[in-house]
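Please read the structure below before turning to the comments.
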Amino acid sequence: MTDTPFERLKQTCRSDWQAYCEHDFIRRLARGTLPAEAFRHYLKQDYLFLVHFARAWGLAVYKSGDLGKIRSALATLKTIVDIEIDLHVSYCREWGISPADLADLPEARPTMAYTRYVLDAGHRGDLLDLHVALAPCVVGYAEIGRWIVAQPFTVLDANPYAEWVRMYAGDEFQEAAAAEVDWLNARLGAASPERFAALSRTFRDATRLEIDFWQMGLDLRM
Ligand SMILES: Cc1ncc(CN)c(N)n1
């Protein structure tokens, strides 16, 4: 599967993609040595991220030109709002972050930069531009989940982050990401070289903003 359009898209920013999927935050999380404060900071900002992620799928509903596409984007939006955010809130509670804490969070600059970039890409462009801006998020975490479980240094017994790893390496998330890759492959294949180059820039920018999101966790950056 190295010559699909989506694989070609990833190849256009290979080193950024690798820096994202194999970031130090992820390596330490896989070993269980990531400082708890870094993970808590990440979890809090990820709550804010998920709220904007839901907005981005709301925009995907709006940008959908026919009922089939509207239903499909709406199903994803409902999964995020009714399931993913609720799961995140419960998981945050296990890490000592209450719903009241989440309701009152200041937004860190890397969170603002990433989420607003994705929303802007969607506003400026069409549904494909929006999906490409969202792809590092949707597809990247599935790849990261697989990468972590495949590393010899990964420890899942007595690792405080094992539940997080299992969620992203698990079947449900992997299947959702595979469906997104299929969606992208079906459309990227028909893109002209100029369009593909423009989409590659969006994909690279979003990938770099994901790198900054990990780094924000490590640096406790606001
Ligand atoms: C920043 C970020 N990127 C991706 C995901 C996976 N939905 C996430 N929860 N947070």
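Going by the structure tokens order, chains are called A, B, ..., each with residues numbered from 1, while ligands are numbered from 1 in the order shown.
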
Inset, instruction - Return as a ChimeraX atom specification every polymer residue, whether protein, DNA or RNA, with at least one atom no more than 6 Å from an atom of ligand 1; count only C-alpha atoms and all ligand atoms. - result: /A:46,137-138,141,210

Inset, instruction - With a distance cut-off of 8 Å and only C-alpha atoms, select the neighbouring residues of Gln45 in chain A, excluding the residue or stretch itself and same-chain residues fewer than 3 positions from it, and output the selection as JSON, numbers by chain. - result: {"A": [41, 42, 48, 49, 107, 108, 111]}

Take the residues that were just selected and, keeping N, CA and C atoms, output them as a short mmCIF file (atom, residue, chain, number, x, y, z; two decimals), in the first residue's frame.
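Once written, again.cif looks like this:
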```
data_model
loop_
_atom_site.label_atom_id
_atom_site.label_comp_id
_atom_site.auth_asym_id
_atom_site.auth_seq_id
_atom_site.Cartn_x
_atom_site.Cartn_y
_atom_site.Cartn_z
N HIS A 41 -1.32 18.30 31.14
CA HIS A 41 -1.39 19.52 30.33
C HIS A 41 -1.94 19.19 28.94
N TYR A 42 -1.41 18.10 28.38
CA TYR A 42 -1.89 17.64 27.07
C TYR A 42 -3.39 17.32 27.12
N LEU A 48 -9.96 21.06 24.76
CA LEU A 48 -10.27 22.24 23.94
C LEU A 48 -10.16 21.90 22.45
N PHE A 49 -9.11 21.12 22.15
CA PHE A 49 -8.95 20.68 20.76
C PHE A 49 -10.21 19.96 20.28
N GLU A 107 -6.87 28.68 26.91
CA GLU A 107 -6.42 27.97 25.70
C GLU A 107 -4.96 28.33 25.40
N ALA A 108 -4.14 27.31 25.25
CA ALA A 108 -2.73 27.55 24.93
C ALA A 108 -2.58 27.94 23.46
N THR A 111 -2.71 25.27 20.75
CA THR A 111 -4.08 24.76 20.54
C THR A 111 -4.84 25.71 19.62
#
```

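Proximity to Ile70 in chain A was assessed for A:Ala30, A:Val89, A:Leu127, A:Met112 counting only C-alpha atoms; the smallest distance is recorded for A:Leu127.
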
Inset, instruction - May I have the residues within 12 Å of Asp182 in chain A as a PyMOL selection string, using only C-alpha atoms and disregarding those fewer than 3 positions away in the same chain? - result: chain A and resi 1+4-7+131+135+139+175-179+185-189

At most 8 Å is the cut-off: for each residue in range 119-197 of chain A with any atom that close to an atom of range 59-62 of chain A, write down the nearest atom pair and the distance in Å rounded to one decimal, counting only C-alpha atoms, chain first then increasing number, as a Markdown table.
```
| residue | atom | partner | partner_atom | distance |
| --- | --- | --- | --- | --- |
| A:Leu119 | CA | A:Leu59 | CA | 7.8 |
| A:Gly122 | CA | A:Leu59 | CA | 7.1 |
| A:His123 | CA | A:Leu59 | CA | 7.8 |
| A:Leu127 | CA | A:Ala60 | CA | 6.2 |
| A:Leu130 | CA | A:Ala60 | CA | 7.1 |
```

Could the residues of range 10-56 of chain A that have an atom at most 8 Å from range 159-166 of chain A be listed as JSON lines, each with its closest atom pair and the distance in Å to one decimal, counting only C-alpha atoms and ordered by chain and ascending residue number?
```
{"residue": "A:Leu29", "atom": "CA", "partner": "A:Tyr161", "partner_atom": "CA", "distance": 6.3}
{"residue": "A:Ala30", "atom": "CA", "partner": "A:Tyr161", "partner_atom": "CA", "distance": 7.5}
{"residue": "A:Arg31", "atom": "CA", "partner": "A:Asn159", "partner_atom": "CA", "distance": 7.4}
{"residue": "A:Gly32", "atom": "CA", "partner": "A:Asn159", "partner_atom": "CA", "distance": 4.9}
```

Selection to disk with N, CA and C atoms, as a CSV table (one decimal), in the first residue's frame:
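Output file out_36.csv is given in full below:
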```csv
chain,number,residue,atom,x,y,z
A,29,LEU,N,5.8,8.4,26.5
A,29,LEU,CA,4.5,7.8,26.8
A,29,LEU,C,4.5,6.3,26.7
A,30,ALA,N,5.1,5.8,25.6
A,30,ALA,CA,5.2,4.4,25.3
A,30,ALA,C,6.1,3.7,26.4
A,31,ARG,N,7.1,4.4,26.9
A,31,ARG,CA,8.0,3.8,27.9
A,31,ARG,C,7.3,3.9,29.3
A,32,GLY,N,6.3,4.8,29.4
A,32,GLY,CA,5.7,5.0,30.7
A,32,GLY,C,6.5,6.1,31.5
```

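Considering the residues A:Tyr91, A:Trp183, A:Phe39, A:Phe53 and counting only C-alpha atoms, Val118 in chain A has its shortest atom-to-atom contact with A:Phe53.
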
Legend entry - Shortest interatomic distance to Trp17 in chain A - which of A:Ala158, A:Met216, A:Ile144, A:Ala169, counting only C-alpha atoms: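 Of all the options, A:Ile144 lies closest to Trp17 in chain A.
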
Inset, instruction - Using only C-alpha atoms, determine which residues lie at most 9 Å from Cys13 in chain A, disregarding the query and same-chain residues fewer than 6 positions distant; provide the list as a PyMOL selection string. - result: chain A and resi 200-201+203-204+207

Keeping only N, CA and C atoms, write the selected residues to a file as a tab-separated table (two decimals), in the first residue's frame.
```
chain	number	residue	atom	x	y	z
A	200	SER	N	-1.09	19.15	-0.37
A	200	SER	CA	0.11	18.70	0.36
A	200	SER	C	0.58	19.76	1.34
A	201	ARG	N	0.46	21.02	0.92
A	201	ARG	CA	0.88	22.11	1.83
A	201	ARG	C	-0.02	22.15	3.06
A	203	PHE	N	-1.69	19.65	4.31
A	203	PHE	CA	-1.40	18.45	5.10
A	203	PHE	C	-0.11	18.63	5.91
A	204	ARG	N	0.91	19.20	5.26
A	204	ARG	CA	2.19	19.44	5.95
A	204	ARG	C	2.00	20.44	7.10
A	207	THR	N	0.27	18.79	9.96
A	207	THR	CA	1.19	17.83	10.60
A	207	THR	C	2.16	18.58	11.52
```
